[in-house]
file model18.pdb (PDB, C-alpha atoms and all ligand atoms)
ATOM      1  CA  MET A1492     127.512 115.152 164.580  1.00  0.00           C
ATOM      2  CA  ILE A1493     128.923 111.620 164.058  1.00  0.00           C
ATOM      3  CA  ILE A1494     127.311 111.486 160.597  1.00  0.00           C
ATOM      4  CA  ILE A1495     128.818 114.890 159.659  1.00  0.00           C
ATOM      5  CA  LEU A1496     132.303 113.801 160.823  1.00  0.00           C
ATOM      6  CA  PHE A1497     132.037 110.503 158.910  1.00  0.00           C
ATOM      7  CA  LYS A1498     130.844 112.280 155.742  1.00  0.00           C
ATOM      8  CA  ASN A1499     133.663 114.834 156.020  1.00  0.00           C
ATOM      9  CA  PHE A1500     136.209 112.041 156.511  1.00  0.00           C
ATOM     10  CA  MET A1501     134.935 110.193 153.404  1.00  0.00           C
ATOM     11  CA  THR A1502     134.981 113.332 151.221  1.00  0.00           C
ATOM     12  CA  LYS A1503     138.245 114.646 152.768  1.00  0.00           C
ATOM     13  CA  ILE A1504     136.421 117.843 153.812  1.00  0.00           C
ATOM     14  CA  PRO A1505     137.711 119.091 157.188  1.00  0.00           C
ATOM     15  CA  TYR A1506     135.096 119.681 159.909  1.00  0.00           C
ATOM     16  CA  ILE A1507     134.669 123.417 160.558  1.00  0.00           C
ATOM     17  CA  LYS A1508     132.952 124.828 163.614  1.00  0.00           C
ATOM     18  CA  PRO A1509     130.539 127.581 162.501  1.00  0.00           C
ATOM     19  CA  THR A1510     130.854 131.030 164.095  1.00  0.00           C
ATOM     20  CA  ASN A1511     128.629 134.125 164.030  1.00  0.00           C
ATOM     21  CA  SER A1512     131.037 136.109 161.911  1.00  0.00           C
ATOM     22  CA  GLU A1513     129.357 137.313 158.697  1.00  0.00           C
ATOM     23  CA  LYS A1514     130.940 138.504 155.454  1.00  0.00           C
ATOM     24  CA  VAL A1515     128.596 140.601 153.338  1.00  0.00           C
ATOM     25  CA  MET A1516     128.812 140.587 149.538  1.00  0.00           C
ATOM     26  CA  ARG A1517     129.343 143.918 147.788  1.00  0.00           C
ATOM     27  CA  ASP A1518     126.837 145.099 145.146  1.00  0.00           C
ATOM     28  CA  SER A1519     129.418 144.574 142.384  1.00  0.00           C
ATOM     29  CA  ASP A1520     130.470 141.038 143.459  1.00  0.00           C
ATOM     30  CA  PHE A1521     129.813 137.922 141.405  1.00  0.00           C
ATOM     31  CA  ILE A1522     130.848 134.628 142.983  1.00  0.00           C
ATOM     32  CA  VAL A1523     131.302 132.076 140.201  1.00  0.00           C
ATOM     33  CA  SER A1524     131.993 128.345 140.166  1.00  0.00           C
ATOM     34  CA  LYS A1525     131.704 125.415 137.790  1.00  0.00           C
ATOM     35  CA  THR A1526     131.423 121.737 138.669  1.00  0.00           C
ATOM     36  CA  ASP A1527     131.528 118.401 136.887  1.00  0.00           C
ATOM     37  CA  SER A1528     128.336 116.350 136.669  1.00  0.00           C
ATOM     38  CA  LYS A1529     128.864 115.008 140.218  1.00  0.00           C
ATOM     39  CA  GLY A1530     129.180 118.457 141.810  1.00  0.00           C
ATOM     40  CA  LYS A1531     132.993 118.502 142.137  1.00  0.00           C
ATOM     41  CA  ILE A1532     134.451 121.975 141.671  1.00  0.00           C
ATOM     42  CA  THR A1533     136.316 122.467 138.376  1.00  0.00           C
ATOM     43  CA  TYR A1534     136.510 126.276 138.380  1.00  0.00           C
ATOM     44  CA  CYS A1535     136.140 129.104 140.911  1.00  0.00           C
ATOM     45  CA  ASN A1536     136.792 132.828 140.553  1.00  0.00           C
ATOM     46  CA  GLN A1537     138.812 135.100 142.840  1.00  0.00           C
ATOM     47  CA  ILE A1538     135.736 136.346 144.737  1.00  0.00           C
ATOM     48  CA  PHE A1539     134.739 132.743 145.469  1.00  0.00           C
ATOM     49  CA  MET A1540     138.149 132.236 147.078  1.00  0.00           C
ATOM     50  CA  GLU A1541     137.872 135.517 148.985  1.00  0.00           C
ATOM     51  CA  PHE A1542     134.485 134.653 150.552  1.00  0.00           C
ATOM     52  CA  SER A1543     135.079 130.946 151.136  1.00  0.00           C
ATOM     53  CA  GLY A1544     138.607 131.563 152.464  1.00  0.00           C
ATOM     54  CA  TYR A1545     140.053 128.635 150.479  1.00  0.00           C
ATOM     55  CA  THR A1546     142.800 128.711 147.863  1.00  0.00           C
ATOM     56  CA  GLU A1547     142.122 127.481 144.334  1.00  0.00           C
ATOM     57  CA  LYS A1548     144.186 124.362 145.100  1.00  0.00           C
ATOM     58  CA  GLU A1549     142.040 123.611 148.153  1.00  0.00           C
ATOM     59  CA  LEU A1550     138.816 123.973 146.141  1.00  0.00           C
ATOM     60  CA  LEU A1551     139.492 122.250 142.816  1.00  0.00           C
ATOM     61  CA  GLU A1552     138.240 118.645 142.622  1.00  0.00           C
ATOM     62  CA  LYS A1553     136.478 119.027 146.011  1.00  0.00           C
ATOM     63  CA  PRO A1554     132.708 118.464 146.362  1.00  0.00           C
ATOM     64  CA  HIS A1555     130.797 121.766 146.343  1.00  0.00           C
ATOM     65  CA  SER A1556     129.492 120.815 149.772  1.00  0.00           C
ATOM     66  CA  ILE A1557     132.888 122.021 151.104  1.00  0.00           C
ATOM     67  CA  ILE A1558     131.085 125.335 151.750  1.00  0.00           C
ATOM     68  CA  ARG A1559     127.835 123.773 152.981  1.00  0.00           C
ATOM     69  CA  HIS A1560     126.546 125.484 156.112  1.00  0.00           C
ATOM     70  CA  PRO A1561     124.681 123.355 158.704  1.00  0.00           C
ATOM     71  CA  ASP A1562     121.924 126.029 158.882  1.00  0.00           C
ATOM     72  CA  MET A1563     120.908 125.153 155.304  1.00  0.00           C
ATOM     73  CA  PRO A1564     118.033 122.645 155.117  1.00  0.00           C
ATOM     74  CA  ARG A1565     118.755 119.454 153.199  1.00  0.00           C
ATOM     75  CA  ALA A1566     115.409 119.872 151.396  1.00  0.00           C
ATOM     76  CA  ALA A1567     116.805 122.979 149.655  1.00  0.00           C
ATOM     77  CA  PHE A1568     119.595 120.937 148.080  1.00  0.00           C
ATOM     78  CA  ARG A1569     117.288 118.070 147.176  1.00  0.00           C
ATOM     79  CA  LEU A1570     115.051 120.562 145.342  1.00  0.00           C
ATOM     80  CA  MET A1571     118.154 122.035 143.683  1.00  0.00           C
ATOM     81  CA  TRP A1572     119.439 118.691 142.382  1.00  0.00           C
ATOM     82  CA  GLN A1573     115.964 117.586 141.232  1.00  0.00           C
ATOM     83  CA  THR A1574     115.567 120.834 139.289  1.00  0.00           C
ATOM     84  CA  LEU A1575     119.060 120.632 137.742  1.00  0.00           C
ATOM     85  CA  GLU A1576     118.794 116.959 136.818  1.00  0.00           C
ATOM     86  CA  ASN A1577     115.550 117.877 135.090  1.00  0.00           C
ATOM     87  CA  GLY A1578     117.626 120.229 132.908  1.00  0.00           C
ATOM     88  CA  ASP A1579     116.263 123.423 134.493  1.00  0.00           C
ATOM     89  CA  GLU A1580     117.985 126.351 136.205  1.00  0.00           C
ATOM     90  CA  PHE A1581     117.617 126.859 139.934  1.00  0.00           C
ATOM     91  CA  PHE A1582     117.516 130.010 142.079  1.00  0.00           C
ATOM     92  CA  ALA A1583     118.096 130.016 145.830  1.00  0.00           C
ATOM     93  CA  TYR A1584     119.221 132.029 148.808  1.00  0.00           C
ATOM     94  CA  VAL A1585     122.056 130.077 150.359  1.00  0.00           C
ATOM     95  CA  LYS A1586     123.988 130.506 153.593  1.00  0.00           C
ATOM     96  CA  ASN A1587     127.555 129.333 152.969  1.00  0.00           C
ATOM     97  CA  LEU A1588     130.309 128.356 155.388  1.00  0.00           C
ATOM     98  CA  SER A1589     133.791 129.872 155.094  1.00  0.00           C
ATOM     99  CA  LYS A1590     136.993 128.065 156.007  1.00  0.00           C
ATOM    100  CA  ASP A1591     137.328 130.197 159.166  1.00  0.00           C
ATOM    101  CA  GLY A1592     133.831 129.176 160.350  1.00  0.00           C
ATOM    102  CA  GLY A1593     132.187 132.446 159.317  1.00  0.00           C
ATOM    103  CA  PHE A1594     129.242 132.621 156.940  1.00  0.00           C
ATOM    104  CA  TYR A1595     128.051 134.563 153.910  1.00  0.00           C
ATOM    105  CA  TRP A1596     124.625 134.712 152.288  1.00  0.00           C
ATOM    106  CA  VAL A1597     124.306 134.571 148.504  1.00  0.00           C
ATOM    107  CA  PHE A1598     121.548 134.740 145.910  1.00  0.00           C
ATOM    108  CA  ALA A1599     122.518 131.851 143.655  1.00  0.00           C
ATOM    109  CA  ASN A1600     121.603 130.904 140.129  1.00  0.00           C
ATOM    110  CA  VAL A1601     122.697 127.380 139.159  1.00  0.00           C
ATOM    111  CA  THR A1602     122.388 126.007 135.621  1.00  0.00           C
ATOM    112  CA  PRO A1603     123.232 122.699 133.948  1.00  0.00           C
ATOM    113  CA  ASN A1604     125.794 122.618 131.116  1.00  0.00           C
ATOM    114  CA  PHE A1605     124.962 120.349 128.184  1.00  0.00           C
ATOM    115  CA  ASP A1606     127.244 118.512 125.754  1.00  0.00           C
ATOM    116  CA  GLN A1607     126.505 118.233 122.023  1.00  0.00           C
ATOM    117  CA  GLN A1608     124.189 115.248 122.628  1.00  0.00           C
ATOM    118  CA  HIS A1609     122.281 117.401 125.144  1.00  0.00           C
ATOM    119  CA  ASN A1610     123.459 115.319 128.100  1.00  0.00           C
ATOM    120  CA  ILE A1611     124.296 117.204 131.298  1.00  0.00           C
ATOM    121  CA  CYS A1612     128.100 117.392 131.538  1.00  0.00           C
ATOM    122  CA  GLY A1613     128.437 119.793 134.479  1.00  0.00           C
ATOM    123  CA  TYR A1614     126.963 122.781 136.276  1.00  0.00           C
ATOM    124  CA  PHE A1615     127.620 126.498 136.498  1.00  0.00           C
ATOM    125  CA  SER A1616     126.722 128.890 139.299  1.00  0.00           C
ATOM    126  CA  VAL A1617     126.752 132.665 139.653  1.00  0.00           C
ATOM    127  CA  ARG A1618     125.917 134.309 142.975  1.00  0.00           C
ATOM    128  CA  ARG A1619     125.069 137.909 143.707  1.00  0.00           C
ATOM    129  CA  LYS A1620     124.433 139.877 146.878  1.00  0.00           C
ATOM    130  CA  PRO A1621     121.032 138.830 148.250  1.00  0.00           C
ATOM    131  CA  SER A1622     118.387 141.327 149.342  1.00  0.00           C
ATOM    132  CA  ALA A1623     118.215 141.867 153.118  1.00  0.00           C
ATOM    133  CA  GLN A1624     114.441 141.326 152.984  1.00  0.00           C
ATOM    134  CA  ALA A1625     114.909 137.868 151.457  1.00  0.00           C
ATOM    135  CA  ILE A1626     117.309 136.795 154.170  1.00  0.00           C
ATOM    136  CA  GLU A1627     115.080 138.174 156.919  1.00  0.00           C
ATOM    137  CA  THR A1628     112.081 136.280 155.514  1.00  0.00           C
ATOM    138  CA  LEU A1629     113.933 133.032 154.893  1.00  0.00           C
ATOM    139  CA  ILE A1630     115.922 132.640 158.124  1.00  0.00           C
ATOM    140  CA  PRO A1631     112.899 131.494 160.202  1.00  0.00           C
ATOM    141  CA  VAL A1632     111.731 129.245 157.341  1.00  0.00           C
ATOM    142  CA  TYR A1633     115.152 127.541 156.996  1.00  0.00           C
ATOM    143  CA  THR A1634     115.419 127.278 160.803  1.00  0.00           C
ATOM    144  CA  GLU A1635     112.106 125.445 161.000  1.00  0.00           C
ATOM    145  CA  MET A1636     113.054 123.211 158.054  1.00  0.00           C
ATOM    146  CA  CYS A1637     116.336 122.260 159.807  1.00  0.00           C
ATOM    147  CA  ARG A1638     114.440 121.608 163.045  1.00  0.00           C
ATOM    148  CA  ILE A1639     112.060 119.252 161.207  1.00  0.00           C
ATOM    149  CA  GLU A1640     114.988 117.486 159.483  1.00  0.00           C
ATOM    150  CA  SER A1641     116.788 116.935 162.776  1.00  0.00           C
ATOM    151  CA  SER A1642     113.670 115.617 164.507  1.00  0.00           C
ATOM    152  CA  ILE A1643     112.744 113.120 161.735  1.00  0.00           C
ATOM    153  CA  SER A1644     115.713 111.210 160.336  1.00  0.00           C
ATOM    154  CA  GLY A1645     116.523 110.439 156.684  1.00  0.00           C
ATOM    155  CA  ASN A1646     114.353 111.036 153.647  1.00  0.00           C
ATOM    156  CA  LYS A1647     111.179 111.261 155.748  1.00  0.00           C
ATOM    157  CA  GLY A1648     112.635 114.323 157.474  1.00  0.00           C
ATOM    158  CA  ILE A1649     113.440 115.923 154.112  1.00  0.00           C
ATOM    159  CA  ASP A1650     109.904 115.093 152.898  1.00  0.00           C
ATOM    160  CA  ALA A1651     108.395 116.707 156.013  1.00  0.00           C
ATOM    161  CA  SER A1652     110.599 119.773 155.674  1.00  0.00           C
ATOM    162  CA  THR A1653     109.621 120.107 151.978  1.00  0.00           C
ATOM    163  CA  GLU A1654     105.954 119.862 153.015  1.00  0.00           C
ATOM    164  CA  TYR A1655     106.511 122.683 155.490  1.00  0.00           C
ATOM    165  CA  LEU A1656     108.056 124.821 152.708  1.00  0.00           C
ATOM    166  CA  VAL A1657     105.043 124.095 150.485  1.00  0.00           C
ATOM    167  CA  THR A1658     102.718 125.173 153.330  1.00  0.00           C
ATOM    168  CA  VAL A1659     104.624 128.461 153.664  1.00  0.00           C
ATOM    169  CA  LEU A1660     104.460 129.029 149.888  1.00  0.00           C
ATOM    170  CA  ASN A1661     100.720 128.275 149.846  1.00  0.00           C
ATOM    171  CA  SER A1662     100.097 130.723 152.683  1.00  0.00           C
ATOM    172  CA  LEU A1663     101.920 133.398 150.661  1.00  0.00           C
ATOM    173  CA  GLY A1664     100.099 132.398 147.445  1.00  0.00           C
ATOM    174  CA  LYS A1665     103.415 132.046 145.561  1.00  0.00           C
ATOM    175  CA  SER A1666     105.317 129.299 143.749  1.00  0.00           C
ATOM    176  CA  TYR A1667     108.918 128.667 144.853  1.00  0.00           C
ATOM    177  CA  ASN A1668     110.372 130.632 141.908  1.00  0.00           C
ATOM    178  CA  GLU A1669     107.866 133.488 142.351  1.00  0.00           C
ATOM    179  CA  LEU A1670     108.863 133.855 146.006  1.00  0.00           C
ATOM    180  CA  VAL A1671     112.607 133.703 145.366  1.00  0.00           C
ATOM    181  CA  LEU A1672     112.564 136.110 142.429  1.00  0.00           C
ATOM    182  CA  SER A1673     110.126 138.531 144.110  1.00  0.00           C
ATOM    183  CA  PHE A1674     112.815 139.592 146.599  1.00  0.00           C
ATOM    184  CA  GLN A1675     115.531 140.717 144.172  1.00  0.00           C
TER     185      GLN A1675
HETATM  186  C1  LIG B   1     127.200 124.477 140.406  1.00  0.00           C
HETATM  187  C2  LIG B   1     126.859 124.129 141.819  1.00  0.00           C
HETATM  188  C3  LIG B   1     126.970 125.092 142.810  1.00  0.00           C
HETATM  189  C4  LIG B   1     126.690 124.803 144.141  1.00  0.00           C
HETATM  190  N1  LIG B   1     126.833 125.780 145.067  1.00  0.00           N
HETATM  191  C5  LIG B   1     126.645 125.486 146.377  1.00  0.00           C
HETATM  192  C6  LIG B   1     126.871 126.473 147.369  1.00  0.00           C
HETATM  193  O1  LIG B   1     127.201 127.629 147.091  1.00  0.00           O
HETATM  194  N2  LIG B   1     126.692 126.086 148.669  1.00  0.00           N
HETATM  195  C7  LIG B   1     126.313 124.830 149.028  1.00  0.00           C
HETATM  196  O2  LIG B   1     126.186 124.549 150.231  1.00  0.00           O
HETATM  197  N3  LIG B   1     126.066 123.896 148.093  1.00  0.00           N
HETATM  198  C8  LIG B   1     126.226 124.188 146.784  1.00  0.00           C
HETATM  199  N4  LIG B   1     125.982 123.227 145.837  1.00  0.00           N
HETATM  200  C9  LIG B   1     125.353 121.970 146.264  1.00  0.00           C
HETATM  201  C10 LIG B   1     126.356 120.944 146.780  1.00  0.00           C
HETATM  202  O3  LIG B   1     126.847 120.202 145.683  1.00  0.00           O
HETATM  203  C11 LIG B   1     125.675 119.973 147.775  1.00  0.00           C
HETATM  204  O4  LIG B   1     124.592 119.322 147.172  1.00  0.00           O
HETATM  205  C12 LIG B   1     125.163 120.707 149.030  1.00  0.00           C
HETATM  206  O5  LIG B   1     126.187 121.461 149.605  1.00  0.00           O
HETATM  207  C13 LIG B   1     124.618 119.733 150.065  1.00  0.00           C
HETATM  208  O6  LIG B   1     125.626 118.874 150.451  1.00  0.00           O
HETATM  209  P1  LIG B   1     125.306 117.438 151.016  1.00  0.00           P
HETATM  210  O7  LIG B   1     124.402 116.801 150.020  1.00  0.00           O
HETATM  211  O8  LIG B   1     126.632 116.769 151.133  1.00  0.00           O
HETATM  212  O9  LIG B   1     124.644 117.676 152.329  1.00  0.00           O
HETATM  213  C14 LIG B   1     126.258 123.502 144.501  1.00  0.00           C
HETATM  214  C15 LIG B   1     126.140 122.523 143.507  1.00  0.00           C
HETATM  215  C16 LIG B   1     126.420 122.830 142.190  1.00  0.00           C
HETATM  216  C17 LIG B   1     126.281 121.769 141.131  1.00  0.00           C
END
call {"tool": "encode", "arguments": {"input": "model18.pdb", "output": "structure tokens"}}
result
Amino acid sequence: MIIILFKNFMTKIPYIKPTNSEKVMRDSDFIVSKTDSKGKITYCNQIFMEFSGYTEKELLEKPHSIIRHPDMPRAAFRLMWQTLENGDEFFAYVKNLSKDGGFYWVFANVTPNFDQQHNICGYFSVRRKPSAQAIETLIPVYTEMCRIESSISGNKGIDASTEYLVTVLNSLGKSYNELVLSFQ
């Protein structure tokens, strides 16, 4: 808790107490955002504002972690950044935190943007309504990953949680992308 409060203070993100109130995406919704190369929001569409509960002014120039939900394992974001920094696109089911403490699940696609020299100059994300089956399957996996990360501190905890994810994938006989895309 102290670490979260310190991090929020440093990034000027207010601490929000999560609640059990869920907002469900409609079939026709697309939640869109763009960031600079550090992950600071440079664009968000109307639906992003509707689900997150923030105004455009409150979102622009803020780190994308402003909507980070504590039920999301840190290993998921490490995998995301590793994939993006490698120049590849990333798919994930993400539980996001709204300004009022509620949550909303998304199926996210995140891609790097390249400049003319092919250097990464920012990122782009589009989120759609996730399948109920995906969420049902992933909740216990994310819960266990968070439990591992809170019982082993720092990078070792993220390593152990990643190992757990790999064990789950092996038991299902699927790669990460195969599992994620198989649900939609
Ligand atoms: C284009 C883009 C979209 C992102 N979308 C989300 C998102 O919807 N929810 C989220 O929690 N993090 C998102 N992130 C990841 C955050 O930048 C951050 O890594 C994550 O919230 C973990 O925060 P932390 O490292 O401060 O714990 C996104 C990053 C990028 C570049």
call {"tool": "closest_atom_pairs", "arguments": {"input": "model18.pdb", "of": "chain A", "to": "ligand LIG 1 (chain B)", "cutoff": "9 Å", "atoms": "all atoms listed in the file", "output": "tab-separated table"}}
result
residue	atom	partner	partner_atom	distance
A:Ile1495	CA	B:LIG1	O9	8.9
A:Lys1498	CA	B:LIG1	O8	7.7
A:Asn1499	CA	B:LIG1	O8	8.8
A:Ile1522	CA	B:LIG1	O1	8.9
A:Val1523	CA	B:LIG1	C3	8.6
A:Ser1524	CA	B:LIG1	C1	6.2
A:Lys1525	CA	B:LIG1	C1	5.3
A:Thr1526	CA	B:LIG1	C1	5.3
A:Asp1527	CA	B:LIG1	C17	7.5
A:Ser1528	CA	B:LIG1	C17	7.3
A:Lys1529	CA	B:LIG1	C17	7.3
A:Gly1530	CA	B:LIG1	C17	4.5
A:Lys1531	CA	B:LIG1	O3	7.3
A:Ile1532	CA	B:LIG1	C1	7.8
A:Pro1554	CA	B:LIG1	O3	6.2
A:His1555	CA	B:LIG1	O3	4.3
A:Ser1556	CA	B:LIG1	O5	3.4
A:Ile1557	CA	B:LIG1	O5	6.9
A:Ile1558	CA	B:LIG1	O2	5.2
A:Arg1559	CA	B:LIG1	O2	3.3
A:His1560	CA	B:LIG1	O2	6.0
A:Pro1561	CA	B:LIG1	O9	8.5
A:Met1563	CA	B:LIG1	O2	7.3
A:Pro1564	CA	B:LIG1	O9	8.7
A:Arg1565	CA	B:LIG1	O9	6.2
A:Ala1567	CA	B:LIG1	C13	8.5
A:Phe1568	CA	B:LIG1	O4	5.3
A:Arg1569	CA	B:LIG1	O4	7.4
A:Met1571	CA	B:LIG1	C9	7.6
A:Trp1572	CA	B:LIG1	O4	7.1
A:Leu1575	CA	B:LIG1	C17	8.1
A:Val1585	CA	B:LIG1	N2	6.3
A:Lys1586	CA	B:LIG1	N2	7.1
A:Asn1587	CA	B:LIG1	N2	5.5
A:Leu1588	CA	B:LIG1	O2	7.6
A:Val1597	CA	B:LIG1	O1	7.7
A:Ala1599	CA	B:LIG1	O1	7.2
A:Asn1600	CA	B:LIG1	C3	8.4
A:Val1601	CA	B:LIG1	C1	5.5
A:Thr1602	CA	B:LIG1	C1	7.0
A:Pro1603	CA	B:LIG1	C1	7.8
A:Gly1613	CA	B:LIG1	C17	7.3
A:Tyr1614	CA	B:LIG1	C1	4.5
A:Phe1615	CA	B:LIG1	C1	4.4
A:Ser1616	CA	B:LIG1	C1	4.6
A:Val1617	CA	B:LIG1	C3	8.2
A:Arg1618	CA	B:LIG1	O1	8.0
call {"tool": "atom_distance", "arguments": {"input": "model18.pdb", "atom1": "atom CA of A:Tyr1655", "atom2": "atom CA of A:Glu1635"}}
result
8.3 Å
call {"tool": "closest_residue", "arguments": {"input": "model18.pdb", "among": "A:Asn1604, A:Ala1583, A:Ser1644, A:Thr1653", "to": "A:Ser1673", "atoms": "only C-alpha atoms"}}
result
A:Ala1583
call {"tool": "resolve_selection", "arguments": {"input": "model18.pdb", "expression": "the PyMOL selection byres (((chain A and resi 1550) around 10) and not hetatm)", "output": "list in words"}}
result
Lys1531, Ile1532, Thr1533, Tyr1534, Cys1535, Phe1539, Met1540, Ser1543, Gly1544, Tyr1545, Thr1546, Glu1547, Lys1548, Glu1549, Leu1551, Glu1552, Lys1553, Pro1554, His1555, Ile1557 and Ile1558 of chain A
call {"tool": "residues_around", "arguments": {"input": "model18.pdb", "residues": "A:Thr1510", "least_positions_apart": "4", "cutoff": "10 Å", "atoms": "only C-alpha atoms", "output": "ChimeraX atom specification"}}
result
/A:1588-1589,1591-1594
call {"tool": "residues_around", "arguments": {"input": "model18.pdb", "residues": "A:Leu1672", "least_positions_apart": "6", "cutoff": "12 Å", "atoms": "all atoms listed in the file", "output": "ChimeraX atom specification"}}
result
/A:1581-1584,1598-1600,1621-1622,1624-1625,1665-1666
call {"tool": "write_last_selection", "arguments": {"input": "model18.pdb", "atoms": "C-alpha atoms", "output": "mmCIF file, in the frame of the given file"}}
result
data_model
loop_
_atom_site.group_PDB
_atom_site.id
_atom_site.type_symbol
_atom_site.label_atom_id
_atom_site.label_comp_id
_atom_site.auth_asym_id
_atom_site.auth_seq_id
_atom_site.Cartn_x
_atom_site.Cartn_y
_atom_site.Cartn_z
ATOM 1 C CA PHE A 1581 117.617 126.859 139.934
ATOM 2 C CA PHE A 1582 117.516 130.010 142.079
ATOM 3 C CA ALA A 1583 118.096 130.016 145.830
ATOM 4 C CA TYR A 1584 119.221 132.029 148.808
ATOM 5 C CA PHE A 1598 121.548 134.740 145.910
ATOM 6 C CA ALA A 1599 122.518 131.851 143.655
ATOM 7 C CA ASN A 1600 121.603 130.904 140.129
ATOM 8 C CA PRO A 1621 121.032 138.830 148.250
ATOM 9 C CA SER A 1622 118.387 141.327 149.342
ATOM 10 C CA GLN A 1624 114.441 141.326 152.984
ATOM 11 C CA ALA A 1625 114.909 137.868 151.457
ATOM 12 C CA LYS A 1665 103.415 132.046 145.561
ATOM 13 C CA SER A 1666 105.317 129.299 143.749
#
call {"tool": "closest_residue", "arguments": {"input": "model18.pdb", "among": "A:Ile1538, A:Met1516, A:Val1657, A:Met1636", "to": "A:Ala1566", "atoms": "all atoms listed in the file"}}
result
A:Met1636
call {"tool": "atom_distance", "arguments": {"input": "model18.pdb", "atom1": "atom CA of A:Thr1658", "atom2": "atom CA of A:Asn1646"}}
result
18.3 Å
call {"tool": "atom_distance", "arguments": {"input": "model18.pdb", "atom1": "atom CA of A:Ser1652", "atom2": "atom CA of A:Leu1570"}}
result
11.3 Å
call {"tool": "build_atoms", "arguments": {"input": "model18.pdb", "residues": "stretch 1591-1603 of chain A", "atoms": "N, CA, C and O atoms", "output": "PDB file, in the coordinates of the input"}}
result
ATOM      1  N   ASP A1591     137.076 129.749 157.785  1.00  0.00           N
ATOM      2  CA  ASP A1591     137.328 130.197 159.166  1.00  0.00           C
ATOM      3  C   ASP A1591     136.106 130.040 160.066  1.00  0.00           C
ATOM      4  O   ASP A1591     136.102 130.500 161.208  1.00  0.00           O
ATOM      5  N   GLY A1592     135.036 129.404 159.545  1.00  0.00           N
ATOM      6  CA  GLY A1592     133.831 129.176 160.350  1.00  0.00           C
ATOM      7  C   GLY A1592     132.775 130.253 160.179  1.00  0.00           C
ATOM      8  O   GLY A1592     131.639 130.086 160.620  1.00  0.00           O
ATOM      9  N   GLY A1593     133.156 131.372 159.565  1.00  0.00           N
ATOM     10  CA  GLY A1593     132.187 132.446 159.317  1.00  0.00           C
ATOM     11  C   GLY A1593     131.192 132.043 158.223  1.00  0.00           C
ATOM     12  O   GLY A1593     131.287 130.951 157.648  1.00  0.00           O
ATOM     13  N   PHE A1594     130.253 132.945 157.963  1.00  0.00           N
ATOM     14  CA  PHE A1594     129.242 132.621 156.940  1.00  0.00           C
ATOM     15  C   PHE A1594     129.011 133.806 156.012  1.00  0.00           C
ATOM     16  O   PHE A1594     129.351 134.949 156.351  1.00  0.00           O
ATOM     17  N   TYR A1595     128.447 133.508 154.845  1.00  0.00           N
ATOM     18  CA  TYR A1595     128.051 134.563 153.910  1.00  0.00           C
ATOM     19  C   TYR A1595     126.837 134.098 153.134  1.00  0.00           C
ATOM     20  O   TYR A1595     126.764 132.967 152.691  1.00  0.00           O
ATOM     21  N   TRP A1596     125.852 135.008 153.034  1.00  0.00           N
ATOM     22  CA  TRP A1596     124.625 134.712 152.288  1.00  0.00           C
ATOM     23  C   TRP A1596     124.816 135.096 150.817  1.00  0.00           C
ATOM     24  O   TRP A1596     125.437 136.118 150.521  1.00  0.00           O
ATOM     25  N   VAL A1597     124.259 134.271 149.939  1.00  0.00           N
ATOM     26  CA  VAL A1597     124.306 134.571 148.504  1.00  0.00           C
ATOM     27  C   VAL A1597     122.928 134.356 147.878  1.00  0.00           C
ATOM     28  O   VAL A1597     122.114 133.593 148.410  1.00  0.00           O
ATOM     29  N   PHE A1598     122.699 135.047 146.760  1.00  0.00           N
ATOM     30  CA  PHE A1598     121.548 134.740 145.910  1.00  0.00           C
ATOM     31  C   PHE A1598     122.123 134.001 144.713  1.00  0.00           C
ATOM     32  O   PHE A1598     122.859 134.584 143.906  1.00  0.00           O
ATOM     33  N   ALA A1599     121.843 132.699 144.640  1.00  0.00           N
ATOM     34  CA  ALA A1599     122.518 131.851 143.655  1.00  0.00           C
ATOM     35  C   ALA A1599     121.614 131.480 142.481  1.00  0.00           C
ATOM     36  O   ALA A1599     120.418 131.207 142.654  1.00  0.00           O
ATOM     37  N   ASN A1600     122.232 131.481 141.316  1.00  0.00           N
ATOM     38  CA  ASN A1600     121.603 130.904 140.129  1.00  0.00           C
ATOM     39  C   ASN A1600     122.503 129.748 139.694  1.00  0.00           C
ATOM     40  O   ASN A1600     123.708 129.931 139.550  1.00  0.00           O
ATOM     41  N   VAL A1601     121.913 128.551 139.574  1.00  0.00           N
ATOM     42  CA  VAL A1601     122.697 127.380 139.159  1.00  0.00           C
ATOM     43  C   VAL A1601     122.066 126.811 137.888  1.00  0.00           C
ATOM     44  O   VAL A1601     120.843 126.655 137.823  1.00  0.00           O
ATOM     45  N   THR A1602     122.916 126.532 136.893  1.00  0.00           N
ATOM     46  CA  THR A1602     122.388 126.007 135.621  1.00  0.00           C
ATOM     47  C   THR A1602     123.170 124.772 135.185  1.00  0.00           C
ATOM     48  O   THR A1602     124.372 124.667 135.451  1.00  0.00           O
ATOM     49  N   PRO A1603     122.493 123.840 134.501  1.00  0.00           N
ATOM     50  CA  PRO A1603     123.232 122.699 133.948  1.00  0.00           C
ATOM     51  C   PRO A1603     123.959 123.101 132.666  1.00  0.00           C
ATOM     52  O   PRO A1603     123.485 123.973 131.933  1.00  0.00           O
TER      53      PRO A1603
END
